[in-house]
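**Student:** This is the structure, below, for whatever I ask next.
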Amino acid sequence: MDLLMQHLFNGVVASSVYMLIAVGITLVFGLTRLINFAHGQFLVIAVFVALDLITAGVPFVFAAAAAVVAAGVIGWLSERLLFRFTMDNPYNGLIIGLGLLLVLESAAFKIWGGFQVGVPAAVTGGAGLGDTYFAWNRVLVLVVAGLVTAGLFLLLARTRLGAQLRAAHENPVAAAHVGVNVGRMVTVAFVAGSALAGLGGVFYGTLQPVGAFDGAHLILKGFAVALLGGLGNVSGLAKASVLYGIGETLVAGYGRAEYVPFFTYGVIIIVLLVRPGGLFEKHPPSDSTFARSSRGVARAERHSRVERLLGGAAFVLLPIVVFEAVGTSRLQSLVLLSVLYAIQVYALAYVYETTGVLSIAQGGLMAVGAYSAGVIAVHLGLGFWWALLVAVPLTVAAGALLGLVVSRCTGHYLLLVTLAFSALVTQLTLTAIDLTNGDNGLILPEKLPEIGPLTFTDLRSQFYLVFLVALLAAFGLRRFKSTRFGLQLSGVRENESLARSIGLRVGRAKVGAFALSGAVSAVGGVLYLYTQTVIVPTSFDAVFSIKIVIILVLGGVALAGPLVASMVFVLLPELLQLDPVDQQFLFGVLLIMIILLLPRGLVPALITGYSALRSRLLPARHPATATGRPETGGDAVRSPSELVREEIS
Amino acid sequence: MSTAELEISGLTAGYGGVVAVKDVSLSVPAGTTVALLGANGAGKSTILRSVSGQVKPRSGDIRLNGESLVGLRPDQTLARGVAHVLEGRQVFAQMTVVENLRLGSVRRGRDTHEETIALLLDHFPVLAEKARQPAGQLSGGQQQMLAISRALMSRPRMLLLDEPSLGLAPVMLPTIVELIRWAQTTFGAAVLIVEQYSALALQVSTWGYVLRNGRLVASAPSAELAEGDAINTAYFGVDP
């Protein structure tokens with residue numbers, strides 16, 4: 001029984017493929033500080049392209065080459081058409097990447113269908129050596145991937161192009177001044193990285209089947225490796241790939257295939273917790289760009305009290321108007337659902353506003369709340385109040401844990417760790433079948449309790465209850481900002497190192513913010529369970545978390561923003577009668593368009609539009625404010641390249 | 001017929017809502033060194049950045065040997081003969097000294113490339129000694145030497161120096177003065193030097209301009225400026 005050698009061999013082969021993926025990620029990241037979430041989907045598309053061509057009779061080599069070119073072209077297009085516009089703000093680039101991922105996933109489904117497919121291996125057969133079988137295809141993958149990677153290393157180390165790429169990576173401004181066309185280097189990195197993803201995809205396809213919606217999952221694997229090696233550190237990658245590939249193969253070989261995601265997400269979270277700069281990184285990359293650029297969602301402009309009250313009330317009460325206006329209970333239940341979403345958006349907005357972290361873990365937190373309530377209701381037969389009593393502390397603890405990991409890392413790792421957290425919770429709810437009933441979900445045997453004379457058995461009373469809780473959450477979190485703790489958080493958000501220097505405990509502040517947000521998520525999650533009565537793991541998966549982010553981006557952080565945006569988001573697909581895949585496509589397009597056209601969100605844009613209209617119609621009452629806000633010393637912290645861009649724009 | 005290498009006329013430039021330079025006109029005759037003096041925030045660096053294309057001017061014109069540079073990116077102005085040595089010794093710390101030098105000529109082709117490296121390393125034995133070491137391991141003065149040498153790799157017609165003495169030990173200053181003079185005679189470039197430490201700048205230059213709050217307040221031969229009050233006025237705001 002000597003399977004160890006076999007596992008090691010297979011692990012090394014897998015490593016070589018992950019190496020290709022991770023090199024692409026790190027190449028793009030190194031030059032642009034951008035993590036392209038759609039990168040994994042380039043891989044998926046390469047698999048389908050290669051399979052189609054091979055099925056049509058094209059020899060493997062040409063099919064693979066075509067797939068590589070296809071991936072390179074998609075990478076090139078996405079850089080030229082999308083990411084180019086977000087270069088000064090990697091955070092926006094990240095969201096664009098998410099949007100692109102959604103679009104490409106649904107497009108792949110439309111074109112190639114929902115089945116998982118593989119790429120026929122270029123060579124068949126193999127040779128046995130003792131108990132170990134060396135399939136020729138795996139040997140081929142290992143050799144080619146190894147050669148390509150080695151070639152890339154040589155290119156970076158020895159050629160003029162490589163030197164220019166490294167220079168642009170290390171100091172873009174200085175590189176421009178020695179004559180490097182930094183913009184072209186970025187394009188080169190995108191095309192090369194995407195082409196490598198294409199090659200990795202073809203090889204991956206010969207080892208494992210791939211489906212239209214595997215992009216997100218693959219990018220997380222790629223990230224895990226890239227992170228392990230230290231993002232932007234090409235030489236650390238080789239070691240990291242081998243470690244990860246062998247580890248994963250051993251987990252699948254000696255454990256179960258379902259445990260592999262735990263391994264992936266565990267690696268991400270643990271590496272970020274212990275060595276935020278990666279295992280093989282001596283000097284973690286500083287990435288102060290992030291703290292500065294995370295202000296994409298703007299606050300509302302200043303208006304008179306009356307205007308604010310009227311405008312706010314109109315927007316805030318909109319769900320009631322819509323709920324009472326729509327006739328069918330189907331639509332009414334969707335309005336209710338949108339308010340349930342809004343609660344989660346408030347929780348997310350609170351974390352975003354206070355810490356500057358745009359978390360993709362909201363679904364994970366909500367799942368902890370909803371599932372803990374569901375489990376005690378189903379297995380212990382305990383009711384609503386018990387559910388709250390258990391769910392809130394548990395979710396607060398989960399939030400605090402997440403906050404702890406988040407406070408240990410900076411920049412892009414933040415997003416990654418929240419995504420990993422979300423995926424980890426989903427995987428947990430899928431795997432712990434005894435408790436959660438896995439894919440089949442939990443069906444709630446309990447009902448909402450009576451409070452005095454009030455009962456919550458019909459849709460209308462449930463809607464008003466949830467709506468009230470949403471408002472309480474929004475106002476409560478808002479009030480909380482002016483407390484001592486809230487002020488500390490503002491300080492942390494504005495300038496983390498300054499906050500640290502005046503003695504604020506930055507880590508503790510972030511943990512607190514996530515914990516508080518967890519409490520709100522839990523209440524929202526329990527209400528979701530008690531009004532929807534069924535929960536399944538996919539109700540709270542990463543896609544759900546991304547939806548919550550989209551709604552926040554759409555609505556902005558203003559009080560009414562989340563409510564209005566949630567309604568648009570939930571009702572629009574229903575009114576347009578879209579199937580889930582079309583919905584996903586629409587969300588992706590929407591997300592990209594909002595970031596490119598209305599970077600401050602839809603509702604703030606409406607408010608700004610109103611301001612502009614008002615200032616045109618009414619003479620300015622305060623000449624001092626009419627001339628615009630005085631410039632504060634914000635310029636000092638901006639990088640010259642940002643300044644140049646502002647000049648150009 | 002002007003013999004000016006660099007001719008700036010009516011330049012206005014700034015960042016966001018701030019105007020850092022207002023209506024500045026100056027010229028640098030071919031083969032000479034001109035100093036740009038003024039207090040912190042007077043707009044000196046902005047002028048250099050406008051010339052090299054890092055900042056786009058609001059209005060005004062910048063001509064190198066008669067050809068307008070307005071609207072070009074830094075890599076494009078470099079290709080036309082402008083080399084800008086940024087403030088604060090911007091070497092590529094993880095790359096070797098020789099790699100840093102090679103990068104300096106990416107826009108120049110390979111023909112004169114090894115020759116120039118040999119010339120520079122010959123003149124700076126310290127750099128030759130550490131040619132294969134990462135530039136980050138050099139001392140501050142050596143990094144400044146490397147940054148200037150790297151700019152010379154492109155064989156510029158116009159060399160822009162932004163605070164070459166910044167952060168260096170006083171003992172290094174004569175070396176920097178010598179380096180600038182050597183660069184000028186060997187490569188025949190015109191030099192525009194920005195310095196807060198005006199003694200150094202006036203020592204190497206023949207003409208000086210004084211900026212205050214983004215405007216030119218004085219323009220005179222360096223020797224005159226070194227004696228007069230114009231600099232005190234610009235730095236401390238006292239009228240003579």
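Here's how to read the names in the structure tokens: chain A, B, ... by the order shown, residue numbers from 1 in each chain, ligand numbers from 1 in the order shown.
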For Leu334 (chain A), list every protein, DNA or RNA residue within 12 Å, evaluated using only C-alpha atoms, and leave out those in the same chain fewer than 2 positions away; present the list as number ranges by chain.
**Tutor:** A: 319, 322-323, 326-332, 336-341, 459-460, 463, 531-532, 566-575
**Student:** Those same residues, written as a PDB file, in the first residue's frame with N, CA and C atoms?
**Tutor:**
ATOM      1  N   PRO A 319     -40.206  51.477   0.682  1.00  0.00           N
ATOM      2  CA  PRO A 319     -40.594  50.063   0.745  1.00  0.00           C
ATOM      3  C   PRO A 319     -42.048  49.884   1.180  1.00  0.00           C
ATOM      4  N   VAL A 322     -44.260  50.738  -1.753  1.00  0.00           N
ATOM      5  CA  VAL A 322     -44.218  49.679  -2.761  1.00  0.00           C
ATOM      6  C   VAL A 322     -44.951  48.436  -2.262  1.00  0.00           C
ATOM      7  N   PHE A 323     -44.722  48.093  -0.992  1.00  0.00           N
ATOM      8  CA  PHE A 323     -45.355  46.896  -0.442  1.00  0.00           C
ATOM      9  C   PHE A 323     -46.871  46.993  -0.534  1.00  0.00           C
ATOM     10  N   VAL A 326     -48.063  47.098  -4.532  1.00  0.00           N
ATOM     11  CA  VAL A 326     -48.077  45.916  -5.393  1.00  0.00           C
ATOM     12  C   VAL A 326     -49.190  44.976  -4.944  1.00  0.00           C
ATOM     13  N   GLY A 327     -49.860  44.415  -5.908  1.00  0.00           N
ATOM     14  CA  GLY A 327     -51.042  43.635  -5.578  1.00  0.00           C
ATOM     15  C   GLY A 327     -50.743  42.221  -5.104  1.00  0.00           C
ATOM     16  N   THR A 328     -49.832  41.557  -5.782  1.00  0.00           N
ATOM     17  CA  THR A 328     -49.696  40.125  -5.539  1.00  0.00           C
ATOM     18  C   THR A 328     -48.841  39.838  -4.313  1.00  0.00           C
ATOM     19  N   SER A 329     -49.136  38.741  -3.665  1.00  0.00           N
ATOM     20  CA  SER A 329     -48.353  38.380  -2.487  1.00  0.00           C
ATOM     21  C   SER A 329     -46.951  37.940  -2.902  1.00  0.00           C
ATOM     22  N   ARG A 330     -46.823  37.483  -4.149  1.00  0.00           N
ATOM     23  CA  ARG A 330     -45.491  37.122  -4.659  1.00  0.00           C
ATOM     24  C   ARG A 330     -44.569  38.346  -4.625  1.00  0.00           C
ATOM     25  N   LEU A 331     -45.078  39.474  -5.161  1.00  0.00           N
ATOM     26  CA  LEU A 331     -44.278  40.698  -5.173  1.00  0.00           C
ATOM     27  C   LEU A 331     -44.073  41.229  -3.757  1.00  0.00           C
ATOM     28  N   GLN A 332     -45.142  41.106  -2.939  1.00  0.00           N
ATOM     29  CA  GLN A 332     -45.006  41.577  -1.559  1.00  0.00           C
ATOM     30  C   GLN A 332     -43.908  40.812  -0.826  1.00  0.00           C
ATOM     31  N   LEU A 336     -40.467  42.164   1.022  1.00  0.00           N
ATOM     32  CA  LEU A 336     -40.004  41.715   2.331  1.00  0.00           C
ATOM     33  C   LEU A 336     -38.554  41.210   2.228  1.00  0.00           C
ATOM     34  N   LEU A 337     -38.304  40.403   1.200  1.00  0.00           N
ATOM     35  CA  LEU A 337     -36.960  39.859   1.014  1.00  0.00           C
ATOM     36  C   LEU A 337     -35.940  40.989   0.833  1.00  0.00           C
ATOM     37  N   SER A 338     -36.353  42.015   0.102  1.00  0.00           N
ATOM     38  CA  SER A 338     -35.413  43.109  -0.149  1.00  0.00           C
ATOM     39  C   SER A 338     -35.062  43.822   1.157  1.00  0.00           C
ATOM     40  N   VAL A 339     -36.042  43.915   2.074  1.00  0.00           N
ATOM     41  CA  VAL A 339     -35.729  44.549   3.359  1.00  0.00           C
ATOM     42  C   VAL A 339     -34.801  43.653   4.179  1.00  0.00           C
ATOM     43  N   LEU A 340     -34.991  42.335   4.062  1.00  0.00           N
ATOM     44  CA  LEU A 340     -34.067  41.410   4.726  1.00  0.00           C
ATOM     45  C   LEU A 340     -32.645  41.592   4.192  1.00  0.00           C
ATOM     46  N   TYR A 341     -32.550  41.778   2.877  1.00  0.00           N
ATOM     47  CA  TYR A 341     -31.240  42.070   2.277  1.00  0.00           C
ATOM     48  C   TYR A 341     -30.684  43.370   2.862  1.00  0.00           C
ATOM     49  N   LEU A 459     -48.133  37.912   5.909  1.00  0.00           N
ATOM     50  CA  LEU A 459     -47.035  38.585   5.222  1.00  0.00           C
ATOM     51  C   LEU A 459     -46.903  40.039   5.655  1.00  0.00           C
ATOM     52  N   ARG A 460     -48.064  40.732   5.800  1.00  0.00           N
ATOM     53  CA  ARG A 460     -48.020  42.157   6.082  1.00  0.00           C
ATOM     54  C   ARG A 460     -47.371  42.420   7.435  1.00  0.00           C
ATOM     55  N   PHE A 463     -43.729  41.797   7.266  1.00  0.00           N
ATOM     56  CA  PHE A 463     -43.028  42.866   6.556  1.00  0.00           C
ATOM     57  C   PHE A 463     -42.760  44.037   7.494  1.00  0.00           C
ATOM     58  N   THR A 531     -38.933  34.171   8.432  1.00  0.00           N
ATOM     59  CA  THR A 531     -39.913  34.627   7.442  1.00  0.00           C
ATOM     60  C   THR A 531     -39.864  33.767   6.180  1.00  0.00           C
ATOM     61  N   GLN A 532     -38.695  33.257   5.834  1.00  0.00           N
ATOM     62  CA  GLN A 532     -38.577  32.457   4.616  1.00  0.00           C
ATOM     63  C   GLN A 532     -38.809  30.968   4.898  1.00  0.00           C
ATOM     64  N   SER A 566     -31.750  47.722  -2.511  1.00  0.00           N
ATOM     65  CA  SER A 566     -32.168  46.328  -2.352  1.00  0.00           C
ATOM     66  C   SER A 566     -33.448  46.060  -3.134  1.00  0.00           C
ATOM     67  N   MET A 567     -34.367  47.008  -3.061  1.00  0.00           N
ATOM     68  CA  MET A 567     -35.646  46.799  -3.762  1.00  0.00           C
ATOM     69  C   MET A 567     -35.436  46.719  -5.258  1.00  0.00           C
ATOM     70  N   VAL A 568     -34.631  47.676  -5.774  1.00  0.00           N
ATOM     71  CA  VAL A 568     -34.317  47.644  -7.200  1.00  0.00           C
ATOM     72  C   VAL A 568     -33.712  46.297  -7.550  1.00  0.00           C
ATOM     73  N   PHE A 569     -32.787  45.890  -6.703  1.00  0.00           N
ATOM     74  CA  PHE A 569     -32.006  44.694  -6.967  1.00  0.00           C
ATOM     75  C   PHE A 569     -32.857  43.429  -6.932  1.00  0.00           C
ATOM     76  N   VAL A 570     -33.780  43.372  -5.995  1.00  0.00           N
ATOM     77  CA  VAL A 570     -34.586  42.152  -5.838  1.00  0.00           C
ATOM     78  C   VAL A 570     -35.775  42.146  -6.801  1.00  0.00           C
ATOM     79  N   LEU A 571     -36.394  43.323  -6.986  1.00  0.00           N
ATOM     80  CA  LEU A 571     -37.625  43.368  -7.778  1.00  0.00           C
ATOM     81  C   LEU A 571     -37.369  43.385  -9.286  1.00  0.00           C
ATOM     82  N   LEU A 572     -36.275  44.063  -9.675  1.00  0.00           N
ATOM     83  CA  LEU A 572     -36.037  44.244 -11.100  1.00  0.00           C
ATOM     84  C   LEU A 572     -35.973  42.917 -11.869  1.00  0.00           C
ATOM     85  N   PRO A 573     -35.164  41.956 -11.406  1.00  0.00           N
ATOM     86  CA  PRO A 573     -35.097  40.690 -12.147  1.00  0.00           C
ATOM     87  C   PRO A 573     -36.460  40.005 -12.236  1.00  0.00           C
ATOM     88  N   GLU A 574     -37.255  40.128 -11.163  1.00  0.00           N
ATOM     89  CA  GLU A 574     -38.571  39.499 -11.150  1.00  0.00           C
ATOM     90  C   GLU A 574     -39.487  40.168 -12.174  1.00  0.00           C
ATOM     91  N   LEU A 575     -39.451  41.506 -12.179  1.00  0.00           N
ATOM     92  CA  LEU A 575     -40.316  42.227 -13.106  1.00  0.00           C
ATOM     93  C   LEU A 575     -39.891  41.963 -14.551  1.00  0.00           C
TER      94      LEU A 575
END
**Student:** With chain B as the partner and 6 Å as the cut-off, tabulate the residues of chain A that qualify, each row holding the nearest pair of atoms and their distance in Å to one decimal, using only C-alpha atoms, sorted by chain and rising number, as a Markdown table.
**Tutor:**
| residue | atom | partner | partner_atom | distance |
| --- | --- | --- | --- | --- |
| A:Ala176 | CA | B:Asp75 | CA | 5.2 |
| A:His177 | CA | B:Pro74 | CA | 5.3 |
| A:Val178 | CA | B:Gly104 | CA | 5.1 |
| A:Gly179 | CA | B:Asp75 | CA | 3.9 |
| A:Val180 | CA | B:Asp75 | CA | 5.7 |
| A:Asn181 | CA | B:Asp75 | CA | 5.7 |
| A:Val644 | CA | B:Val55 | CA | 5.2 |
**Student:** Any idea what the distance is between CA of Leu34 (chain A) and CA of Gly93 (chain A)?
**Tutor:**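 Between CA of Leu34 (chain A) and CA of Gly93 (chain A) the gap is 6.5 Å.
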**Student:** Would you please work out which residue, of B:Thr186, B:Gln143, B:Ser25, B:Ser222, is nearest to Ala199 (chain B) when using only C-alpha atoms?
**Tutor:**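 Nearest candidate to Ala199 (chain B) out of B:Thr186, B:Gln143, B:Ser25, B:Ser222: B:Ser222.
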**Student:** By how many Å are CA of Ile180 (chain B) and CA of Ile148 (chain B) apart?
**Tutor:**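 Separating CA of Ile180 (chain B) from CA of Ile148 (chain B) is a distance of 8.6 Å.
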**Student:** Can you tell me which residues surround Leu82 (chain A) at a distance of at most 9 Å, considering only C-alpha atoms, apart from same-chain residues fewer than 5 positions away, and format the answer as a list in words?
**Tutor:**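 Neighbouring residues, sequence-local ones excluded: Leu77, Gly93, Ile96, Gly97, Ile592 and Leu596 of chain A.
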**Student:** I need the residue nearest Glu178 (chain B) from this list: B:Val204, B:Leu6, B:Leu72, B:Val19. Use only C-alpha atoms for the distance.
**Tutor:** B:Val204
**Student:** Mind giving me the straight-line distance from CA of Ile111 (chain A) to CA of Phe223 (chain A) in Å, one decimal?
**Tutor:**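 We find that CA of Ile111 (chain A) and CA of Phe223 (chain A) lie 26.9 Å from each other.
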**Student:** Within 12 Å of Met185 (chain A), counting only C-alpha atoms, which residues qualify if same-chain residues fewer than 2 places away don't, as a PyMOL selection string?
**Tutor:** chain A and resi 27-28+30-32+76+79+160-169+172+175-176+179-183+187-193
**Student:** Which of these residues is nearest to Pro445 (chain A), using only C-alpha atoms: A:Gly399, A:Gly374, A:Gly507, A:Leu388?
**Tutor:**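 The closest residue to Pro445 (chain A) is A:Gly374.
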